[in-house]
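Engineer: If you scroll down you'll find the structure; I have some questions about it.
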Amino acid sequence: MNAEQEVEAARLMRQAQDGDRVAYAQLLTALAPLAQRYARGRVGPRPCVDDIAQETLLTIHRVRHTYDPARPFAPWFYAILSSRLIDVMRRERRVDQREQGRDQLPEGRPVAAASGARNEVDFERVRAALAALPERQREVIAALKLGDESVREVSARLKMSESAVKVTAHRGYRALRRLLGTDRE
Amino acid sequence: MNTEELIVNLASEAGPVTRLRPPAVRALSWLAVAAAFAVTGVAVLGLRPDVSTAVSASAFLMHALLAVGLTITAAVATCVIVIPGAEVKPLARSVSVATLVVWVLMAGRDVLAAGNGLADASDWPVCATRLAAIAMGPGVALWWMVRRSGALHWSWTAGLAATASLAAAALAIPFTCPVLAPSHVFLGHVAPVGVLAVVAALAAMRRPAL
């Protein structure tokens with residue numbers, strides 16, 4: 001992030017903190033490729049680069065109230081980014097270890113070639129992958145997708161904020177894509 | 001969900017936020033709360049009969065000074081590290097840890113100098129329990145303050161918050177406890193601060209990330 005980008009990011013963040021959603025979207029749009037570039041520079045061109053960038057944006061969303069406009073933006077941003085990078089890499093290692101030890105996931109039909117055709121995933125594989133998720137992620141995804149509840153209904157029932165429901169669901173979807181081998185990103 | 005969709009999602013639900021107050025302001029607010037709990041603890045437990053002479057003893061003053069120093073440095077460190085990127089170098093944490101180490105070593109040195117080992121550490125569990133009890137109030141207050149912040153290192157945050165709270169309580173205990181034996185002071189007034197702070201840090205290691 002060069003000095004000009006940092007000044008602009010600080011300005012957009014100030015406006016975002018005051019409730020300017022357009023400025024906030026501009027800020028996140030500007031930060032996403034920076035996060036991806038940073039992650040790619042440290043872990044190489046791996047699928048988790050987008051995970052790291054998205055986790056960073058989610059964290060920025062959760063803690064945007066902690067940014068002090070009187071202080072430089074870059075240290076705040078990169079502290080979050082580096083922390084999320086470490087967390088994602090640790091999670092990747094845990095998932096890899098769990099998948100290597102797990103032999104219950106049934107073989108599914110092969111994933112369709114990348115021809116634009118929709119990938120079909122065996123229902124049993126989906127169910128097994130869902131069962132492999134952490135309890136909270138499984139609960140939220142089952143409620144949203146199988147129970148057809150709204151985010152508001154899920155947050156009220158599980159006593160979570162709507163933001164937390166979305167974050168949990170997002171992480172769950174990503175984990176499912178990884179488990180099912182359908183992660184295109 | 002791809003990144004573009006995520007950005008649209010996040011921006012759609014983003015409203016104005018209340019910015020965190022500066023760390024120094026938050027630390028000062030908490031110190032006032034901690035002082036109130038410490039004073040209340042002393043009032044409930046009762047002042048020791050010889051408090052007027054005890055407070056002029058050099059050992060008492062040294063322990064009090066270190067307890068105050070640790071309370072302040074740990075509180076400031078807690079309020080600093082919960083803001084991403086606010087701690088340029090781990091100075092705040094280092095000062096707190098160093099103060100705690102010095103305090104524990106000083107108390108340990110007094111035990112060794114007394115030459116009785118831990119033989120005269122009677123009733124130390126009473127003081128350790130009282131210390132932990134007094135620390136709960138400030139501890140809950142400080143944890144409530146930091147939970148809405150952006151702590152990226154929960155283990156350090158919990159450890160420092162516990163240290164600050166326990167040190168505040170450890171400042172109060174000598175005003176109520178007339179026992180002077182170095183081993184009692186070490187086990188009942190000083191060691192619990194370090195031990196329980198480490199326990200808090202370890203317990204927070206499993207806390208999920210933001």
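Here's how to read the names in the structure tokens: chain A, B, ... by the order shown, residue numbers from 1 in each chain, ligand numbers from 1 in the order shown.
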Could you give me, as a ChimeraX atom specification, each residue of chain A that DSSP assigns to helix (DSSP H, G or I) when run on this structure's backbone?
Structural biologist: /A:3-17,21-43,48-62,64-66,73-101,123-132,135-146,151-158,162-180
Engineer: May I have the residues from that selection written out with C-alpha atoms, as a short mmCIF file (atom, residue, chain, number, x, y, z; two decimals), in the first residue's frame?
Structural biologist:
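Dumped to part_39.cif:
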data_model
loop_
_atom_site.label_atom_id
_atom_site.label_comp_id
_atom_site.auth_asym_id
_atom_site.auth_seq_id
_atom_site.Cartn_x
_atom_site.Cartn_y
_atom_site.Cartn_z
CA ALA A 3 1.23 6.55 0.72
CA GLU A 4 -1.48 7.76 -1.62
CA GLN A 5 -3.47 4.56 -1.22
CA GLU A 6 -3.11 4.79 2.54
CA VAL A 7 -4.40 8.35 2.66
CA GLU A 8 -7.33 7.42 0.46
CA ALA A 9 -8.09 4.34 2.54
CA ALA A 10 -8.01 6.37 5.73
CA ARG A 11 -10.44 8.86 4.22
CA LEU A 12 -12.82 6.14 3.06
CA MET A 13 -12.65 4.40 6.42
CA ARG A 14 -13.52 7.63 8.23
CA GLN A 15 -16.54 8.04 6.00
CA ALA A 16 -17.45 4.39 6.43
CA GLN A 17 -17.32 4.73 10.20
CA ARG A 21 -21.92 2.61 2.70
CA VAL A 22 -20.68 3.68 -0.72
CA ALA A 23 -17.35 4.75 0.76
CA TYR A 24 -17.21 1.47 2.68
CA ALA A 25 -17.77 -0.58 -0.47
CA GLN A 26 -15.08 1.44 -2.26
CA LEU A 27 -12.71 0.84 0.61
CA LEU A 28 -13.27 -2.92 0.71
CA THR A 29 -12.99 -3.11 -3.08
CA ALA A 30 -9.64 -1.32 -2.88
CA LEU A 31 -8.37 -3.46 0.00
CA ALA A 32 -9.32 -6.86 -1.44
CA PRO A 33 -6.63 -6.97 -4.16
CA LEU A 34 -4.06 -5.59 -1.72
CA ALA A 35 -4.88 -8.42 0.67
CA GLN A 36 -4.74 -10.97 -2.13
CA ARG A 37 -1.38 -9.68 -3.31
CA TYR A 38 0.02 -9.73 0.22
CA ALA A 39 -1.23 -13.25 0.80
CA ARG A 40 0.03 -14.47 -2.56
CA GLY A 41 3.43 -13.04 -1.75
CA ARG A 42 3.58 -15.09 1.41
CA VAL A 43 1.85 -18.38 0.63
CA CYS A 48 -6.51 -20.04 0.25
CA VAL A 49 -5.36 -16.61 -0.98
CA ASP A 50 -8.98 -15.64 -1.51
CA ASP A 51 -9.89 -17.12 1.87
CA ILE A 52 -7.29 -14.92 3.50
CA ALA A 53 -8.54 -11.83 1.68
CA GLN A 54 -12.16 -12.56 2.57
CA GLU A 55 -11.33 -13.33 6.20
CA THR A 56 -9.51 -10.01 6.34
CA LEU A 57 -12.50 -8.14 4.96
CA LEU A 58 -14.78 -9.89 7.44
CA THR A 59 -12.52 -8.95 10.31
CA ILE A 60 -12.28 -5.36 9.09
CA HIS A 61 -16.06 -5.33 9.07
CA ARG A 62 -16.26 -6.62 12.63
CA ARG A 64 -13.98 -1.19 11.92
CA HIS A 65 -14.90 0.77 15.03
CA THR A 66 -11.37 0.26 16.38
CA PHE A 73 -4.33 3.21 8.24
CA ALA A 74 -1.68 0.78 6.99
CA PRO A 75 -0.53 -0.62 10.37
CA TRP A 76 -4.17 -1.28 11.32
CA PHE A 77 -4.91 -3.00 8.03
CA TYR A 78 -1.76 -5.10 7.86
CA ALA A 79 -2.08 -6.18 11.49
CA ILE A 80 -5.47 -7.64 10.66
CA LEU A 81 -4.26 -9.10 7.38
CA SER A 82 -1.21 -10.82 8.83
CA SER A 83 -3.21 -12.20 11.72
CA ARG A 84 -5.87 -13.61 9.42
CA LEU A 85 -3.21 -15.09 7.15
CA ILE A 86 -1.75 -17.01 10.08
CA ASP A 87 -5.19 -18.18 11.19
CA VAL A 88 -6.17 -19.39 7.72
CA MET A 89 -2.90 -21.23 7.25
CA ARG A 90 -3.31 -22.93 10.63
CA ARG A 91 -6.86 -23.91 9.71
CA GLU A 92 -5.68 -25.26 6.36
CA ARG A 93 -3.15 -27.46 8.11
CA ARG A 94 -5.79 -28.75 10.54
CA VAL A 95 -8.24 -29.49 7.72
CA ASP A 96 -5.53 -31.27 5.75
CA GLN A 97 -4.64 -33.40 8.76
CA ARG A 98 -8.29 -34.19 9.43
CA GLU A 99 -8.97 -35.10 5.81
CA GLN A 100 -5.98 -37.37 5.66
CA GLY A 101 -7.17 -39.23 8.72
CA PHE A 123 -25.94 -35.96 -1.98
CA GLU A 124 -24.22 -38.38 0.36
CA ARG A 125 -20.97 -36.47 -0.01
CA VAL A 126 -22.75 -33.25 0.82
CA ARG A 127 -24.28 -34.82 3.91
CA ALA A 128 -20.94 -36.23 5.00
CA ALA A 129 -19.23 -32.90 4.40
CA LEU A 130 -21.91 -31.11 6.37
CA ALA A 131 -21.43 -33.54 9.24
CA ALA A 132 -17.70 -32.77 9.18
CA GLU A 135 -21.21 -27.66 15.08
CA ARG A 136 -22.04 -23.98 14.86
CA GLN A 137 -21.35 -23.77 11.12
CA ARG A 138 -23.42 -26.89 10.53
CA GLU A 139 -26.26 -25.47 12.59
CA VAL A 140 -26.31 -22.18 10.75
CA ILE A 141 -26.06 -23.67 7.25
CA ALA A 142 -28.71 -26.28 7.99
CA ALA A 143 -31.01 -23.55 9.28
CA LEU A 144 -30.44 -21.24 6.31
CA LYS A 145 -30.42 -23.78 3.51
CA LEU A 146 -32.39 -26.75 4.76
CA VAL A 151 -30.73 -14.68 8.73
CA ARG A 152 -32.82 -12.73 11.20
CA GLU A 153 -34.68 -15.83 12.32
CA VAL A 154 -31.48 -17.81 12.73
CA SER A 155 -29.82 -15.02 14.70
CA ALA A 156 -32.81 -14.78 17.04
CA ARG A 157 -33.01 -18.52 17.57
CA LEU A 158 -29.30 -19.11 18.06
CA GLU A 162 -26.97 -11.23 12.19
CA SER A 163 -23.41 -10.33 11.32
CA ALA A 164 -22.11 -13.36 13.19
CA VAL A 165 -24.63 -15.60 11.38
CA LYS A 166 -23.41 -14.36 8.01
CA VAL A 167 -19.77 -14.76 8.98
CA THR A 168 -20.37 -18.27 10.29
CA ALA A 169 -22.32 -19.23 7.17
CA HIS A 170 -19.64 -17.81 4.92
CA ARG A 171 -16.96 -19.83 6.67
CA GLY A 172 -19.12 -22.92 6.56
CA TYR A 173 -19.74 -22.59 2.81
CA ARG A 174 -16.05 -22.22 2.23
CA ALA A 175 -15.24 -25.26 4.31
CA LEU A 176 -17.90 -27.25 2.45
CA ARG A 177 -16.45 -26.24 -0.90
CA ARG A 178 -13.05 -27.38 0.27
CA LEU A 179 -14.35 -30.68 1.59
CA LEU A 180 -16.32 -31.33 -1.56
#
Engineer: For the interface of chain B with chain A (cut-off 9 Å, counting only C-alpha atoms), please tabulate each contacting residue of chain B alongside its nearest pair of atoms and their separation in Å to one decimal, rows sorted by chain and increasing number, as CSV.
Structural biologist:
residue,atom,partner,partner_atom,distance
B:Met1,CA,A:His170,CA,7.1
B:Asn2,CA,A:Glu185,CA,8.0
B:Thr3,CA,A:Gln54,CA,6.2
B:Glu4,CA,A:Thr29,CA,7.7
B:Leu6,CA,A:Gln54,CA,7.5
B:Ile7,CA,A:Ala25,CA,6.3
B:Val8,CA,A:Ala25,CA,6.9
B:Leu10,CA,A:His61,CA,7.0
B:Ala11,CA,A:Ala25,CA,5.3
B:Ser12,CA,A:Arg21,CA,6.8
B:Glu13,CA,A:Arg21,CA,8.3
B:Ala14,CA,A:Arg21,CA,6.3
B:Gly15,CA,A:Gly19,CA,4.5
B:Pro16,CA,A:Gly19,CA,3.7
B:Val17,CA,A:Gln17,CA,5.3
B:Thr18,CA,A:His65,CA,6.1
B:Arg19,CA,A:His65,CA,4.6
B:Leu20,CA,A:Thr66,CA,5.4
B:Arg21,CA,A:Thr66,CA,8.5
B:Pro22,CA,A:Asp68,CA,8.0
B:Val82,CA,A:Thr66,CA,8.6
B:Ile83,CA,A:Thr66,CA,6.0
B:Pro84,CA,A:Trp76,CA,5.1
B:Gly85,CA,A:Trp76,CA,4.4
B:Ala86,CA,A:Trp76,CA,7.0
B:Val88,CA,A:Pro75,CA,8.2
B:Arg148,CA,A:Val63,CA,8.0
B:Ser149,CA,A:Thr66,CA,6.3
B:Gly150,CA,A:Val63,CA,5.2
B:Ala151,CA,A:Val63,CA,8.8
B:Leu152,CA,A:Ser83,CA,6.7
B:His153,CA,A:Ser83,CA,8.6
B:Ala209,CA,A:Asp87,CA,7.8
B:Leu210,CA,A:Thr59,CA,6.2
Engineer: Hey, what's within 10 Å of Ala59 of chain B if we count only C-alpha atoms and toss same-chain stuff fewer than 4 positions away? As a list in words, please?
Structural biologist: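 Close residues of Ala59 of chain B: Ala54, Val55, His63, Ala64, Leu65, Ala107, Asp110, Leu180 and Pro182 of chain B.
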Engineer: Okay, now the selection with all heavy atoms, as a PDB file, in the first residue's frame?
Structural biologist:
ATOM      1  N   ALA B  54       2.284  -0.241  59.339  1.00  0.00           N
ATOM      2  CA  ALA B  54       2.643  -1.123  58.230  1.00  0.00           C
ATOM      3  C   ALA B  54       2.944  -0.354  56.952  1.00  0.00           C
ATOM      4  O   ALA B  54       3.870  -0.693  56.203  1.00  0.00           O
ATOM      5  CB  ALA B  54       1.531  -2.143  57.982  1.00  0.00           C
ATOM      6  N   VAL B  55       2.160   0.705  56.720  1.00  0.00           N
ATOM      7  CA  VAL B  55       2.298   1.403  55.433  1.00  0.00           C
ATOM      8  C   VAL B  55       3.615   2.167  55.307  1.00  0.00           C
ATOM      9  O   VAL B  55       3.965   2.608  54.214  1.00  0.00           O
ATOM     10  CB  VAL B  55       1.126   2.381  55.178  1.00  0.00           C
ATOM     11  CG1 VAL B  55      -0.177   1.620  55.037  1.00  0.00           C
ATOM     12  CG2 VAL B  55       1.044   3.420  56.275  1.00  0.00           C
ATOM     13  N   HIS B  63       6.253  -3.484  47.690  1.00  0.00           N
ATOM     14  CA  HIS B  63       5.226  -4.343  47.108  1.00  0.00           C
ATOM     15  C   HIS B  63       4.073  -3.506  46.548  1.00  0.00           C
ATOM     16  O   HIS B  63       3.543  -3.806  45.475  1.00  0.00           O
ATOM     17  CB  HIS B  63       4.691  -5.337  48.149  1.00  0.00           C
ATOM     18  CG  HIS B  63       5.589  -6.513  48.344  1.00  0.00           C
ATOM     19  ND1 HIS B  63       5.687  -7.534  47.419  1.00  0.00           N
ATOM     20  CD2 HIS B  63       6.445  -6.838  49.337  1.00  0.00           C
ATOM     21  CE1 HIS B  63       6.565  -8.434  47.836  1.00  0.00           C
ATOM     22  NE2 HIS B  63       7.039  -8.038  49.004  1.00  0.00           N
ATOM     23  N   ALA B  64       3.694  -2.466  47.294  1.00  0.00           N
ATOM     24  CA  ALA B  64       2.597  -1.616  46.824  1.00  0.00           C
ATOM     25  C   ALA B  64       2.970  -0.915  45.525  1.00  0.00           C
ATOM     26  O   ALA B  64       2.159  -0.824  44.589  1.00  0.00           O
ATOM     27  CB  ALA B  64       2.247  -0.590  47.895  1.00  0.00           C
ATOM     28  N   LEU B  65       4.205  -0.448  45.467  1.00  0.00           N
ATOM     29  CA  LEU B  65       4.663   0.248  44.264  1.00  0.00           C
ATOM     30  C   LEU B  65       4.630  -0.688  43.055  1.00  0.00           C
ATOM     31  O   LEU B  65       4.164  -0.315  41.967  1.00  0.00           O
ATOM     32  CB  LEU B  65       6.091   0.741  44.502  1.00  0.00           C
ATOM     33  CG  LEU B  65       6.623   1.779  43.513  1.00  0.00           C
ATOM     34  CD1 LEU B  65       5.812   3.048  43.592  1.00  0.00           C
ATOM     35  CD2 LEU B  65       8.095   2.075  43.818  1.00  0.00           C
ATOM     36  N   ALA B 107       9.868 -11.048  45.679  1.00  0.00           N
ATOM     37  CA  ALA B 107       9.193 -11.789  46.744  1.00  0.00           C
ATOM     38  C   ALA B 107       9.891 -13.115  46.999  1.00  0.00           C
ATOM     39  O   ALA B 107      10.017 -13.555  48.152  1.00  0.00           O
ATOM     40  CB  ALA B 107       7.728 -12.027  46.371  1.00  0.00           C
ATOM     41  N   ASP B 110      13.012 -12.565  49.036  1.00  0.00           N
ATOM     42  CA  ASP B 110      12.713 -12.368  50.454  1.00  0.00           C
ATOM     43  C   ASP B 110      12.495 -13.712  51.154  1.00  0.00           C
ATOM     44  O   ASP B 110      12.874 -13.878  52.318  1.00  0.00           O
ATOM     45  CB  ASP B 110      11.456 -11.496  50.619  1.00  0.00           C
ATOM     46  CG  ASP B 110      11.692 -10.057  50.182  1.00  0.00           C
ATOM     47  OD1 ASP B 110      12.878  -9.666  50.053  1.00  0.00           O
ATOM     48  OD2 ASP B 110      10.702  -9.340  49.955  1.00  0.00           O
ATOM     49  N   LEU B 180       3.361 -11.028  58.021  1.00  0.00           N
ATOM     50  CA  LEU B 180       4.537 -10.448  57.390  1.00  0.00           C
ATOM     51  C   LEU B 180       5.491 -11.497  56.811  1.00  0.00           C
ATOM     52  O   LEU B 180       6.417 -11.143  56.097  1.00  0.00           O
ATOM     53  CB  LEU B 180       5.314  -9.596  58.420  1.00  0.00           C
ATOM     54  CG  LEU B 180       4.543  -8.427  59.025  1.00  0.00           C
ATOM     55  CD1 LEU B 180       5.384  -7.760  60.122  1.00  0.00           C
ATOM     56  CD2 LEU B 180       4.194  -7.413  57.948  1.00  0.00           C
ATOM     57  N   PRO B 182       7.609 -13.689  54.731  1.00  0.00           N
ATOM     58  CA  PRO B 182       7.859 -13.596  53.282  1.00  0.00           C
ATOM     59  C   PRO B 182       7.218 -14.732  52.494  1.00  0.00           C
ATOM     60  O   PRO B 182       6.739 -14.511  51.377  1.00  0.00           O
ATOM     61  CB  PRO B 182       9.392 -13.647  53.183  1.00  0.00           C
ATOM     62  CG  PRO B 182       9.867 -13.112  54.482  1.00  0.00           C
ATOM     63  CD  PRO B 182       8.877 -13.579  55.490  1.00  0.00           C
TER      64      PRO B 182
END
Engineer: List as a ChimeraX atom specification the protein and nucleic acid residues near Leu100 of chain B, meaning an atom at most 9 Å away when only C-alpha atoms are counted, but skip any in the same chain fewer than 3 places from it.
Structural biologist: /B:66-67,70,95-97,103-105,163,190,193-194
Engineer: Could you give me, as a PyMOL selection string, the residues within 10 Å of Ala34 of chain B, counting only C-alpha atoms and dropping anything in the same chain fewer than 2 positions from it?
Structural biologist: chain B and resi 28-32+36-40+71+134-139+141-142+164-169
Engineer: Using the selection just defined, write its residues with N, CA and C atoms as a PDB file, in the first residue's frame.
Structural biologist:
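As written to disk, out.pdb reads:
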ATOM      1  N   LEU B  28      -7.651   4.577  31.882  1.00  0.00           N
ATOM      2  CA  LEU B  28      -7.954   5.413  33.055  1.00  0.00           C
ATOM      3  C   LEU B  28      -9.339   5.092  33.610  1.00  0.00           C
ATOM      4  N   SER B  29     -10.287   4.923  32.723  1.00  0.00           N
ATOM      5  CA  SER B  29     -11.649   4.584  33.164  1.00  0.00           C
ATOM      6  C   SER B  29     -11.625   3.284  33.951  1.00  0.00           C
ATOM      7  N   TRP B  30     -10.922   2.322  33.403  1.00  0.00           N
ATOM      8  CA  TRP B  30     -10.888   1.030  34.090  1.00  0.00           C
ATOM      9  C   TRP B  30     -10.154   1.122  35.427  1.00  0.00           C
ATOM     10  N   LEU B  31      -9.067   1.902  35.470  1.00  0.00           N
ATOM     11  CA  LEU B  31      -8.316   2.035  36.720  1.00  0.00           C
ATOM     12  C   LEU B  31      -9.204   2.599  37.824  1.00  0.00           C
ATOM     13  N   ALA B  32     -10.091   3.512  37.456  1.00  0.00           N
ATOM     14  CA  ALA B  32     -11.020   4.047  38.448  1.00  0.00           C
ATOM     15  C   ALA B  32     -11.938   2.939  38.968  1.00  0.00           C
ATOM     16  N   ALA B  36     -12.046   1.304  42.790  1.00  0.00           N
ATOM     17  CA  ALA B  36     -13.281   1.190  43.562  1.00  0.00           C
ATOM     18  C   ALA B  36     -13.451  -0.221  44.109  1.00  0.00           C
ATOM     19  N   PHE B  37     -13.164  -1.208  43.284  1.00  0.00           N
ATOM     20  CA  PHE B  37     -13.278  -2.596  43.764  1.00  0.00           C
ATOM     21  C   PHE B  37     -12.253  -2.889  44.846  1.00  0.00           C
ATOM     22  N   ALA B  38     -11.041  -2.360  44.685  1.00  0.00           N
ATOM     23  CA  ALA B  38     -10.002  -2.607  45.683  1.00  0.00           C
ATOM     24  C   ALA B  38     -10.391  -1.982  47.023  1.00  0.00           C
ATOM     25  N   VAL B  39     -10.879  -0.765  46.964  1.00  0.00           N
ATOM     26  CA  VAL B  39     -11.304  -0.087  48.192  1.00  0.00           C
ATOM     27  C   VAL B  39     -12.466  -0.830  48.843  1.00  0.00           C
ATOM     28  N   THR B  40     -13.392  -1.277  48.030  1.00  0.00           N
ATOM     29  CA  THR B  40     -14.522  -2.047  48.556  1.00  0.00           C
ATOM     30  C   THR B  40     -14.049  -3.335  49.209  1.00  0.00           C
ATOM     31  N   THR B  71      -0.447  -2.946  37.799  1.00  0.00           N
ATOM     32  CA  THR B  71      -1.844  -2.677  37.455  1.00  0.00           C
ATOM     33  C   THR B  71      -1.919  -1.700  36.286  1.00  0.00           C
ATOM     34  N   ILE B 134     -11.470 -10.452  44.909  1.00  0.00           N
ATOM     35  CA  ILE B 134     -11.478  -9.003  44.651  1.00  0.00           C
ATOM     36  C   ILE B 134     -11.201  -8.737  43.180  1.00  0.00           C
ATOM     37  N   ALA B 135     -10.325  -9.550  42.578  1.00  0.00           N
ATOM     38  CA  ALA B 135      -9.933  -9.331  41.177  1.00  0.00           C
ATOM     39  C   ALA B 135     -11.061  -9.613  40.198  1.00  0.00           C
ATOM     40  N   MET B 136     -12.060 -10.359  40.621  1.00  0.00           N
ATOM     41  CA  MET B 136     -13.112 -10.731  39.672  1.00  0.00           C
ATOM     42  C   MET B 136     -13.867  -9.512  39.147  1.00  0.00           C
ATOM     43  N   GLY B 137     -14.157  -8.571  40.056  1.00  0.00           N
ATOM     44  CA  GLY B 137     -14.886  -7.386  39.615  1.00  0.00           C
ATOM     45  C   GLY B 137     -14.146  -6.612  38.532  1.00  0.00           C
ATOM     46  N   PRO B 138     -12.916  -6.169  38.810  1.00  0.00           N
ATOM     47  CA  PRO B 138     -12.164  -5.463  37.775  1.00  0.00           C
ATOM     48  C   PRO B 138     -11.922  -6.333  36.544  1.00  0.00           C
ATOM     49  N   GLY B 139     -11.752  -7.638  36.769  1.00  0.00           N
ATOM     50  CA  GLY B 139     -11.501  -8.531  35.641  1.00  0.00           C
ATOM     51  C   GLY B 139     -12.681  -8.580  34.696  1.00  0.00           C
ATOM     52  N   ALA B 141     -14.969  -6.308  34.424  1.00  0.00           N
ATOM     53  CA  ALA B 141     -15.094  -4.977  33.812  1.00  0.00           C
ATOM     54  C   ALA B 141     -14.128  -4.816  32.644  1.00  0.00           C
ATOM     55  N   LEU B 142     -12.899  -5.258  32.832  1.00  0.00           N
ATOM     56  CA  LEU B 142     -11.909  -5.087  31.766  1.00  0.00           C
ATOM     57  C   LEU B 142     -12.210  -5.995  30.592  1.00  0.00           C
ATOM     58  N   ALA B 164      -3.663  -7.263  35.188  1.00  0.00           N
ATOM     59  CA  ALA B 164      -4.059  -5.949  35.693  1.00  0.00           C
ATOM     60  C   ALA B 164      -5.048  -6.087  36.846  1.00  0.00           C
ATOM     61  N   SER B 165      -6.040  -6.956  36.677  1.00  0.00           N
ATOM     62  CA  SER B 165      -7.077  -7.123  37.699  1.00  0.00           C
ATOM     63  C   SER B 165      -6.505  -7.725  38.979  1.00  0.00           C
ATOM     64  N   LEU B 166      -5.663  -8.736  38.801  1.00  0.00           N
ATOM     65  CA  LEU B 166      -5.087  -9.398  39.972  1.00  0.00           C
ATOM     66  C   LEU B 166      -4.113  -8.483  40.701  1.00  0.00           C
ATOM     67  N   ALA B 167      -3.375  -7.679  39.950  1.00  0.00           N
ATOM     68  CA  ALA B 167      -2.441  -6.752  40.589  1.00  0.00           C
ATOM     69  C   ALA B 167      -3.194  -5.693  41.396  1.00  0.00           C
ATOM     70  N   ALA B 168      -4.333  -5.251  40.858  1.00  0.00           N
ATOM     71  CA  ALA B 168      -5.146  -4.288  41.597  1.00  0.00           C
ATOM     72  C   ALA B 168      -5.626  -4.903  42.916  1.00  0.00           C
ATOM     73  N   ALA B 169      -6.030  -6.164  42.840  1.00  0.00           N
ATOM     74  CA  ALA B 169      -6.476  -6.854  44.052  1.00  0.00           C
ATOM     75  C   ALA B 169      -5.299  -7.068  45.004  1.00  0.00           C
TER      76      ALA B 169
END
Engineer: Could you check how far atom CA of Thr99 of chain B sits from atom CA of Arg147 of chain B, in Å to one decimal?
Structural biologist: 25.1 Å
Engineer: List the spatial neighbours of Ala121 of chain B as an MDAnalysis selection string - criterion: any atom at most 9 Å away, only C-alpha atoms, same-chain residues fewer than 5 positions off excluded.
Structural biologist: chainID B and resid 181:188
Engineer: Would you mind listing what lies within 10 Å of Val126 of chain B as a list in words, with only C-alpha atoms counted and same-chain residues fewer than 3 positions away left out?
Structural biologist: Ser122, Asp123, Thr129, Arg130, Leu131, Cys177, Gly188 and His189 of chain B
Engineer: How would the residues just picked look written out with C-alpha atoms as a CSV table (one decimal), in the first residue's frame?
Structural biologist:
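Dumped everything to part-v7.csv:
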chain,number,residue,atom,x,y,z
B,122,SER,CA,0.3,-20.3,57.0
B,123,ASP,CA,-3.1,-19.3,55.8
B,129,THR,CA,-8.7,-16.7,47.6
B,130,ARG,CA,-9.5,-13.1,48.7
B,131,LEU,CA,-7.2,-11.8,46.1
B,177,CYS,CA,-3.5,-9.0,56.0
B,188,GLY,CA,-0.7,-15.5,49.1
B,189,HIS,CA,-0.1,-12.0,47.7
